Structure formats: structure tokens, C-alpha cells
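Take a look at the structure below.
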Protein chains: 4
Amino acid sequence: MSVNKVILIGNVGKDPEVRYLDSGVAVATFPLATSDRAYTLANGTQVPERTEWHNIVLWRGLAETAEKYVHKGDKLYLEGKIRTRSYDDQAGVKRYVTEIFVDSMEMLSPKAAGVAPQATVQPNVQQQSIQSQVAPAQDNGADDLPF
Amino acid sequence: MSVNKVILIGNVGKDPEVRYLDSGVAVATFPLATSDRAYTLANGTQVPERTEWHNIVLWRGLAETAEKYVHKGDKLYLEGKIRTRSYDDQAGVKRYVTEIFVDSMEMLSPKAAGVAPQATVQPNVQQQSIQSQVAPAQDNGADDLPF
Amino acid sequence: MSVNKVILIGNVGKDPEVRYLDSGVAVATFPLATSDRAYTLANGTQVPERTEWHNIVLWRGLAETAEKYVHKGDKLYLEGKIRTRSYDDQAGVKRYVTEIFVDSMEMLSPKAAGVAPQATVQPNVQQQSIQSQVAPAQDNGADDLPF
Amino acid sequence: MSVNKVILIGNVGKDPEVRYLDSGVAVATFPLATSDRAYTLANGTQVPERTEWHNIVLWRGLAETAEKYVHKGDKLYLEGKIRTRSYDDQAGVKRYVTEIFVDSMEMLSPKAAGVAPQATVQPNVQQQSIQSQVAPAQDNGADDLPF
DNA sequence: TTTT
DNA sequence: TTTT
């Protein structure tokens, strides 16, 4: 038994890229930024703001919602899980990418809010089914990569 | 304004490695496994169990607690944030590691439970202060790396 | 747009009570205890352990899973939402009960773990559908009350 | 070992009421609304939107931040714990109130966002210390009640 | 490299 | 009414 849960509120770095698998399943990807506030330590050291970029992945209905309603700059609430996949780069070296597979999405930007109809996917009947078609970099071409 | 929160329940893959920075600050690292349950899709496809490995990082008091009480095989509840850092590998290629910086830890294994005294760090006066001393691979030697 | 999310790890106070609505839908209820650790303040004051009791409500498949596998004393991980309902007591005074409607459950007790097959409900097609049949105390009789 | 965690995103129903205890500690209270989306069941039943009201309580620095920056209508992200307390009403009947004790707050309304300086309290050295001074209704007078 |  |  285990739990793998991520909650993010942040800003969309680029318009979503949406691909459709042969099966017709939609996959959307985009970067999301979260930022730590700058602050000062007890000893006077200034710790500057730091931005963290997350590789966001949505499937099926959520991907279609993202395609319609999510834009660069939007603020989103996302709930999902951490997923690290590996691939071999051009030099044949194994590399890793950590992504957030989203289960639930809410729009926080005023313009966007209230637009998305049904922003939650059915759990367990979802991402993993098509995982093997999505993961590999080599059969997509470099410019087709989610990230 | 943003939120970057991770909640994990999983099993410790190896005993924690604990290092002490020059400042005396403790840093503990270990892998934690979470697993999706195996299940069968509507179309009959069997989706096998899949294990996700998380790179866990604890600081200061939490690192010292981990050094004393956390062992391979233990089940833990962890709350923290996602942090991706980059480093240059031996070939000079930029590589990325995603880690979970822990803010709060609870022991779920019966043996371990109830032992840890104060399993929560003081937020904001914490990890980032010593970040530059910890991140780089090059000044530590390969066998000194958290992961 | 909003979020109402609760995450609990605690111990079951009593065996679940399970009822079946006329529609055949199962509803399980039980109390769950969470405890703050005792600790000492900077000024020396001892703050004792404090137990919080949560009114847990599960529906449909989750209720049936609880009926089979959840017992007094078990440790559970629960994810759900807060729900406050009102009813009129015997004296006709409006009273409030706050309950946790569970979306996802995991067994943490070693004996129980691994037994439950599909511990997540389909979101949005769930609790609210039968809410009006469940809420009122007056049409159930006092001994039929969830709590 | 246990976990009692609440995550809310919702709208402030009224300007915060802030009181100062004899010790100088600030306590802020206000209602926060979260709403389920309306939706239609498989059988055609319309399930209307439903608003849930949460009794929010903040202490110390967070209460002072709320006093300065939080207003009716603002959208907030809150992280905290569930706490149910009892009191005797005018008729001497024991009554219960469930409150959310906040550990962390973020402003989501554009106007407010970015204003609050340090929106996280130090855990474990916090609410419980002054609990007995705050809980009872009877020594405060009805108009002094948080809710 | 963990657990069920 | 549970656990450590």
C-alpha cells in the first residue's frame, strides 16, 4: 500500500502541446512554474526567490480540456502523481525525466475560472494503459517530445 | 503565489546516507518506493504493478531523526516539496535529478512508530540556506553524492 | 472554482456500521481517531496529547470494502472532503455534524494491507446522488443514525 | 502516529474577526466557502452546486496577516487541520463546532497576491498553547464568539 | 533499491 | 471510541 500525491498551484509556462495517440487518446504537456518566496535567514543571509519548473502531463478528457482552456500564464491548481521515466539520449546514455501525471485540474485565473466542465478523470482506468506508446523518445523524433 | 506539495507513503529502499556539512548541518538521503496496484482495464488488458522510486532528502533535525530511526524496509509518511537540480556529468553533459525535500515525516512501521520525537521542521528557515553547498556533484566526488 | 480536500491517517474507533439505501447503495460510517503528539512549549508548559475524532462516511464500493475489511483498531489512510450537514434534534433545535466523505482509502494495518481490491471511487458520479436520502435523522429513527 | 491535514481553496465569506488574548496572541476567524460543481448523473438527475462553509481559525502571525490583507470575497489557499470543540449552549446542551486551524495561507486573489510576507507558522509551537483560553463560549459573551 |  |  502506498500514496504518491502531488498538489501544485503555479503558472503555465507555455501553451499546452497536445498530441493524439493512434488510439485517439489525447495527451497534453506543458511546463508549470512554482516559486518559493525570497526571505532572509536569522543570520542575515538573503535567500532569493527560486522558481521550480514541473513537467505536466494530462491524458484523455483532461488533455482536451487543457487544449481548449489552458494558456500560457494561466494559474492552475493541479493534483496528480510523480512519475519518472527514462529514455536513451542521442549518445545512447540513459536519461531521466520526472513528470507530474495529473488527476484533477482547476483553473485559478479569473478569465479561465468556471469554464472547464468536468476537470477530474476516472482513477485507475487511465494513464498506464497507454504508457508504452507515450514514453519513448526515439519513436517520436526530437521535436515531438513532450519536454 | 504558488504551492508545491508532495505527500508520499512508501517503503525505504536503503538505509539513509547521512552527511554533515561544514556548518554542522545534517543531510540525509534515501530512496523511497511507492507502487501502483496492478489492475485490469475494461478491455481486458492487464496493467501490472509499477514501482516509482523517489529521491528523498531531509535536512537538519529531520536528517538526524532519520539517521537514528529510519531503516531499509520501513514504511514512512512524508510531506515535502519537489526540487529539481542540475549538475554536469563526467562527460560535461547537463543532467537533472528530481528530489523530494521533506518538511514532515511520520513513521508507519509498527516497530519504528512512536520513536521519533519531533518529526517536523520549522518552515522557511531551512533547506535553502545551505543549498549551494549541497547541490553540486563536482565538489563532492562521485561516491559522496546523495544519489 | 474551489478545493475541499482532507487527508487523514488514524485508527478506527469502532467496526463500521453499514446500511443499504432503498436504491441498494451501501453507506458505511465509523469514527477515526487522529492524535497530536504531546510536547513541551518553550516556556516549559506541557501540552498533552490530544485526540481528534472524525466522523467517516463511505459510499458504494468503498462502503462494501469497509464492511469486509475494516475493523476497530485498524490504521487507515483516507482522502476525502469535509461535509457539514444539519438536522433538528429531539427538542427541535438545529444541530450540525461535520463528516468526512471519503474518495480514497488505503489500509495501513499489516494484517489488513493488500486485501482491499479497488480502493478508489469514481469521482463526480458518487456521493451527492443519494445525499437527500441519507442526510436526515428524522426518517431513520435514532438508532439508525450514522453517528 | 497520525495525520490530520486539510487543503482548501475557497472564498472568504466575511472580513476576518480578530481578537487578542491577554497574552497578546492574535486569533482571527472567518468563514470560507468551497463549492462542488453542479453536474448531471448517468440517470439524468441534476445535482445542483452545493456550497460548504468552513469555520477558519488562524493564530499569531497568520492572524495578523489575515487582519491586514484578507477581506470578504478574497480567494485563499489554506492548509491546516480539523479540530472539533464542544461547548454548552444557553440551554446547557453540549454542542459541537468543527473548525479548521490553519498552518499555511496563500492569497489567490490578484489584488491580494504577493502582499503577505511570511504566511507560514512554526509548527508545534502554536495553537494548542492557548487553547483553553479560546475554546469556551461562556467566558466570552455571545458576540465575542468566533462563529 | 522497498513493500504487498 | 482508536492507537503509540
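All residue names refer to the C-alpha cells as shown: chains lettered A, B, ... in order, residues numbered from 1 in each chain, ligands numbered from 1 in order.
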Near chain B, meaning an atom within 10 Å, which residues of chain A appear when counting only C-alpha atoms? Write them as an MDAnalysis selection string.
chainID A and resid 1:11 33:43 45:48 50:54 75:85 95:99 124:126 128:130
Writing out the chosen residues with C-alpha atoms as an mmCIF file, in the first residue's frame:
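File part-v4.cif, as written:
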```cif
data_model
loop_
_atom_site.group_PDB
_atom_site.id
_atom_site.type_symbol
_atom_site.label_atom_id
_atom_site.label_comp_id
_atom_site.auth_asym_id
_atom_site.auth_seq_id
_atom_site.Cartn_x
_atom_site.Cartn_y
_atom_site.Cartn_z
ATOM 1 C CA MET A 1 0.000 0.000 0.000
ATOM 2 C CA SER A 2 1.350 3.416 -0.855
ATOM 3 C CA VAL A 3 0.486 7.005 -1.713
ATOM 4 C CA ASN A 4 2.058 9.208 -4.385
ATOM 5 C CA LYS A 5 0.294 12.556 -4.416
ATOM 6 C CA VAL A 6 1.292 15.978 -5.674
ATOM 7 C CA ILE A 7 -0.545 19.261 -5.249
ATOM 8 C CA LEU A 8 0.630 22.226 -7.279
ATOM 9 C CA ILE A 9 -0.530 25.789 -7.738
ATOM 10 C CA GLY A 10 1.503 27.630 -10.300
ATOM 11 C CA ASN A 11 1.658 29.360 -13.640
ATOM 12 C CA ALA A 33 6.239 27.156 -12.553
ATOM 13 C CA THR A 34 6.032 27.316 -8.785
ATOM 14 C CA SER A 35 8.113 29.786 -6.802
ATOM 15 C CA ASP A 36 9.478 29.880 -3.291
ATOM 16 C CA ARG A 37 9.268 33.290 -1.761
ATOM 17 C CA ALA A 38 12.510 35.156 -1.144
ATOM 18 C CA TYR A 39 13.342 35.515 2.543
ATOM 19 C CA THR A 40 16.079 36.389 4.966
ATOM 20 C CA LEU A 41 17.673 33.910 7.324
ATOM 21 C CA ALA A 42 18.247 34.522 11.015
ATOM 22 C CA ASN A 43 21.918 35.185 10.255
ATOM 23 C CA THR A 45 21.641 35.784 4.555
ATOM 24 C CA GLN A 46 19.273 36.711 1.756
ATOM 25 C CA VAL A 47 17.696 33.675 0.119
ATOM 26 C CA PRO A 48 16.374 34.753 -3.261
ATOM 27 C CA ARG A 50 13.615 30.325 -6.676
ATOM 28 C CA THR A 51 11.436 29.011 -9.467
ATOM 29 C CA GLU A 52 10.759 25.339 -9.872
ATOM 30 C CA TRP A 53 9.593 24.059 -13.262
ATOM 31 C CA HIS A 54 7.341 20.994 -13.359
ATOM 32 C CA LYS A 75 -2.694 29.973 -12.865
ATOM 33 C CA LEU A 76 -3.736 26.368 -12.203
ATOM 34 C CA TYR A 77 -4.425 24.050 -9.293
ATOM 35 C CA LEU A 78 -3.258 20.538 -10.157
ATOM 36 C CA GLU A 79 -3.478 17.260 -8.299
ATOM 37 C CA GLY A 80 -1.591 14.246 -9.524
ATOM 38 C CA LYS A 81 1.281 11.861 -9.057
ATOM 39 C CA ILE A 82 5.015 11.870 -9.650
ATOM 40 C CA ARG A 83 6.286 9.707 -12.475
ATOM 41 C CA THR A 84 9.891 9.303 -13.570
ATOM 42 C CA ARG A 85 10.616 7.702 -16.917
ATOM 43 C CA ARG A 95 18.439 9.859 -19.027
ATOM 44 C CA TYR A 96 15.573 10.510 -16.678
ATOM 45 C CA VAL A 97 12.617 12.863 -16.774
ATOM 46 C CA THR A 98 10.292 13.401 -13.879
ATOM 47 C CA GLU A 99 6.759 14.315 -14.812
ATOM 48 C CA ASN A 124 -7.370 3.561 -12.325
ATOM 49 C CA VAL A 125 -8.717 3.465 -15.861
ATOM 50 C CA GLN A 126 -6.309 5.916 -17.173
ATOM 51 C CA GLN A 128 -0.961 3.467 -17.533
ATOM 52 C CA SER A 129 -2.897 1.812 -20.292
ATOM 53 C CA ILE A 130 -1.077 3.737 -22.948
#
```
Non-local contacts of Gly13 of chain D (9 Å; only C-alpha atoms (C1' of nucleotides); under 4 positions in same chain excluded) as JSON, numbers by chain:
{"D": [30, 31, 32, 33, 53, 71, 72, 73, 74]}
Include all heavy atoms and write out the residues we just selected as a PDB file, in the first residue's frame.
```pdb
ATOM      1  N   PHE D  30     -12.880  33.500  10.340  1.00  0.00           N
ATOM      2  CA  PHE D  30     -13.798  33.902   9.269  1.00  0.00           C
ATOM      3  C   PHE D  30     -14.332  32.652   8.594  1.00  0.00           C
ATOM      4  O   PHE D  30     -13.729  31.576   8.690  1.00  0.00           O
ATOM      5  CB  PHE D  30     -13.111  34.828   8.257  1.00  0.00           C
ATOM      6  CG  PHE D  30     -11.861  34.264   7.636  1.00  0.00           C
ATOM      7  CD1 PHE D  30     -11.918  33.441   6.523  1.00  0.00           C
ATOM      8  CD2 PHE D  30     -10.613  34.555   8.174  1.00  0.00           C
ATOM      9  CE1 PHE D  30     -10.755  32.925   5.944  1.00  0.00           C
ATOM     10  CE2 PHE D  30      -9.444  34.047   7.601  1.00  0.00           C
ATOM     11  CZ  PHE D  30      -9.519  33.233   6.495  1.00  0.00           C
ATOM     12  N   PRO D  31     -15.462  32.770   7.924  1.00  0.00           N
ATOM     13  CA  PRO D  31     -15.996  31.638   7.154  1.00  0.00           C
ATOM     14  C   PRO D  31     -15.396  31.615   5.758  1.00  0.00           C
ATOM     15  O   PRO D  31     -15.134  32.667   5.161  1.00  0.00           O
ATOM     16  CB  PRO D  31     -17.498  31.934   7.096  1.00  0.00           C
ATOM     17  CG  PRO D  31     -17.611  33.413   7.218  1.00  0.00           C
ATOM     18  CD  PRO D  31     -16.406  33.904   7.974  1.00  0.00           C
ATOM     19  N   LEU D  32     -15.166  30.414   5.263  1.00  0.00           N
ATOM     20  CA  LEU D  32     -14.656  30.228   3.900  1.00  0.00           C
ATOM     21  C   LEU D  32     -15.603  29.277   3.169  1.00  0.00           C
ATOM     22  O   LEU D  32     -15.965  28.222   3.702  1.00  0.00           O
ATOM     23  CB  LEU D  32     -13.242  29.634   3.927  1.00  0.00           C
ATOM     24  CG  LEU D  32     -12.563  29.524   2.559  1.00  0.00           C
ATOM     25  CD1 LEU D  32     -11.723  30.796   2.306  1.00  0.00           C
ATOM     26  CD2 LEU D  32     -11.659  28.299   2.474  1.00  0.00           C
ATOM     27  N   ALA D  33     -15.953  29.638   1.957  1.00  0.00           N
ATOM     28  CA  ALA D  33     -16.870  28.811   1.154  1.00  0.00           C
ATOM     29  C   ALA D  33     -16.117  28.014   0.104  1.00  0.00           C
ATOM     30  O   ALA D  33     -15.278  28.564  -0.607  1.00  0.00           O
ATOM     31  CB  ALA D  33     -17.897  29.700   0.467  1.00  0.00           C
ATOM     32  N   TRP D  53     -19.514  25.593   3.953  1.00  0.00           N
ATOM     33  CA  TRP D  53     -18.893  26.685   4.717  1.00  0.00           C
ATOM     34  C   TRP D  53     -17.968  26.111   5.778  1.00  0.00           C
ATOM     35  O   TRP D  53     -18.372  25.255   6.566  1.00  0.00           O
ATOM     36  CB  TRP D  53     -19.955  27.573   5.354  1.00  0.00           C
ATOM     37  CG  TRP D  53     -20.634  28.453   4.346  1.00  0.00           C
ATOM     38  CD1 TRP D  53     -21.827  28.217   3.736  1.00  0.00           C
ATOM     39  CD2 TRP D  53     -20.129  29.682   3.822  1.00  0.00           C
ATOM     40  NE1 TRP D  53     -22.107  29.232   2.848  1.00  0.00           N
ATOM     41  CE2 TRP D  53     -21.090  30.148   2.885  1.00  0.00           C
ATOM     42  CE3 TRP D  53     -18.966  30.442   4.026  1.00  0.00           C
ATOM     43  CZ2 TRP D  53     -20.914  31.333   2.166  1.00  0.00           C
ATOM     44  CZ3 TRP D  53     -18.803  31.621   3.322  1.00  0.00           C
ATOM     45  CH2 TRP D  53     -19.768  32.068   2.405  1.00  0.00           C
ATOM     46  N   HIS D  71      -9.799  39.927   3.008  1.00  0.00           N
ATOM     47  CA  HIS D  71     -11.091  40.595   3.002  1.00  0.00           C
ATOM     48  C   HIS D  71     -12.163  39.693   2.414  1.00  0.00           C
ATOM     49  O   HIS D  71     -11.873  38.762   1.668  1.00  0.00           O
ATOM     50  CB  HIS D  71     -11.014  41.890   2.189  1.00  0.00           C
ATOM     51  CG  HIS D  71     -10.018  42.856   2.721  1.00  0.00           C
ATOM     52  ND1 HIS D  71      -8.753  42.990   2.182  1.00  0.00           N
ATOM     53  CD2 HIS D  71     -10.066  43.703   3.785  1.00  0.00           C
ATOM     54  CE1 HIS D  71      -8.072  43.896   2.876  1.00  0.00           C
ATOM     55  NE2 HIS D  71      -8.839  44.340   3.858  1.00  0.00           N
ATOM     56  N   LYS D  72     -13.385  40.034   2.773  1.00  0.00           N
ATOM     57  CA  LYS D  72     -14.556  39.360   2.221  1.00  0.00           C
ATOM     58  C   LYS D  72     -14.423  39.233   0.705  1.00  0.00           C
ATOM     59  O   LYS D  72     -14.091  40.202   0.025  1.00  0.00           O
ATOM     60  CB  LYS D  72     -15.800  40.176   2.572  1.00  0.00           C
ATOM     61  CG  LYS D  72     -17.089  39.644   1.999  1.00  0.00           C
ATOM     62  CD  LYS D  72     -18.273  40.465   2.496  1.00  0.00           C
ATOM     63  CE  LYS D  72     -19.546  40.059   1.786  1.00  0.00           C
ATOM     64  NZ  LYS D  72     -20.724  40.706   2.406  1.00  0.00           N
ATOM     65  N   GLY D  73     -14.657  38.053   0.196  1.00  0.00           N
ATOM     66  CA  GLY D  73     -14.601  37.829  -1.244  1.00  0.00           C
ATOM     67  C   GLY D  73     -13.266  37.312  -1.750  1.00  0.00           C
ATOM     68  O   GLY D  73     -13.201  36.742  -2.832  1.00  0.00           O
ATOM     69  N   ASP D  74     -12.222  37.499  -0.979  1.00  0.00           N
ATOM     70  CA  ASP D  74     -10.900  37.019  -1.424  1.00  0.00           C
ATOM     71  C   ASP D  74     -10.887  35.514  -1.600  1.00  0.00           C
ATOM     72  O   ASP D  74     -11.549  34.776  -0.872  1.00  0.00           O
ATOM     73  CB  ASP D  74      -9.824  37.385  -0.388  1.00  0.00           C
ATOM     74  CG  ASP D  74      -9.446  38.850  -0.436  1.00  0.00           C
ATOM     75  OD1 ASP D  74      -9.918  39.558  -1.347  1.00  0.00           O
ATOM     76  OD2 ASP D  74      -8.689  39.290   0.461  1.00  0.00           O
TER      77      ASP D  74
END
```
In segment 50-123 of chain C, DSSP helix (DSSP H, G or I) residues written as a ChimeraX atom specification
/C:60-69
For Val27 of chain C, list every protein, DNA or RNA residue within 6 Å, evaluated using only C-alpha atoms (C1' of nucleotides), and leave out those in the same chain fewer than 2 positions away; present the list as a short mmCIF file (atom, residue, chain, number, x, y, z; two decimals) with N, CA, C and O atoms, in the first residue's frame.
```
data_model
loop_
_atom_site.label_atom_id
_atom_site.label_comp_id
_atom_site.auth_asym_id
_atom_site.auth_seq_id
_atom_site.Cartn_x
_atom_site.Cartn_y
_atom_site.Cartn_z
N VAL C 18 -22.78 -0.43 8.53
CA VAL C 18 -23.11 -0.35 7.10
C VAL C 18 -24.62 -0.44 6.92
O VAL C 18 -25.28 -1.31 7.49
N ARG C 19 -25.17 0.49 6.17
CA ARG C 19 -26.59 0.49 5.82
C ARG C 19 -26.73 0.41 4.32
O ARG C 19 -25.83 0.85 3.58
N LEU C 58 -18.41 6.49 4.04
CA LEU C 58 -18.04 5.92 2.75
C LEU C 58 -19.29 5.47 2.01
O LEU C 58 -20.27 5.05 2.63
N TRP C 59 -19.21 5.50 0.69
CA TRP C 59 -20.36 5.18 -0.15
C TRP C 59 -20.01 4.05 -1.11
O TRP C 59 -18.88 3.83 -1.46
N ALA C 63 -17.82 1.57 0.69
CA ALA C 63 -18.56 1.12 1.88
C ALA C 63 -18.53 -0.41 1.96
O ALA C 63 -18.37 -0.99 3.04
#
```
Extract the full set of strand (DSSP E) residues from segment 34-93 of chain D according to DSSP on the backbone, and format it as an MDAnalysis selection string.
chainID D and resid 34:36 39:40 46:47 50:59 75:88
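Relative to atom CA of Thr65 of chain B, atom CA of Met107 of chain B is found at 10.6 Å.
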Just give me the gap between atom CA of Tyr69 of chain A and atom CA of Tyr20 of chain A in Å, one decimal is fine.
17.2 Å
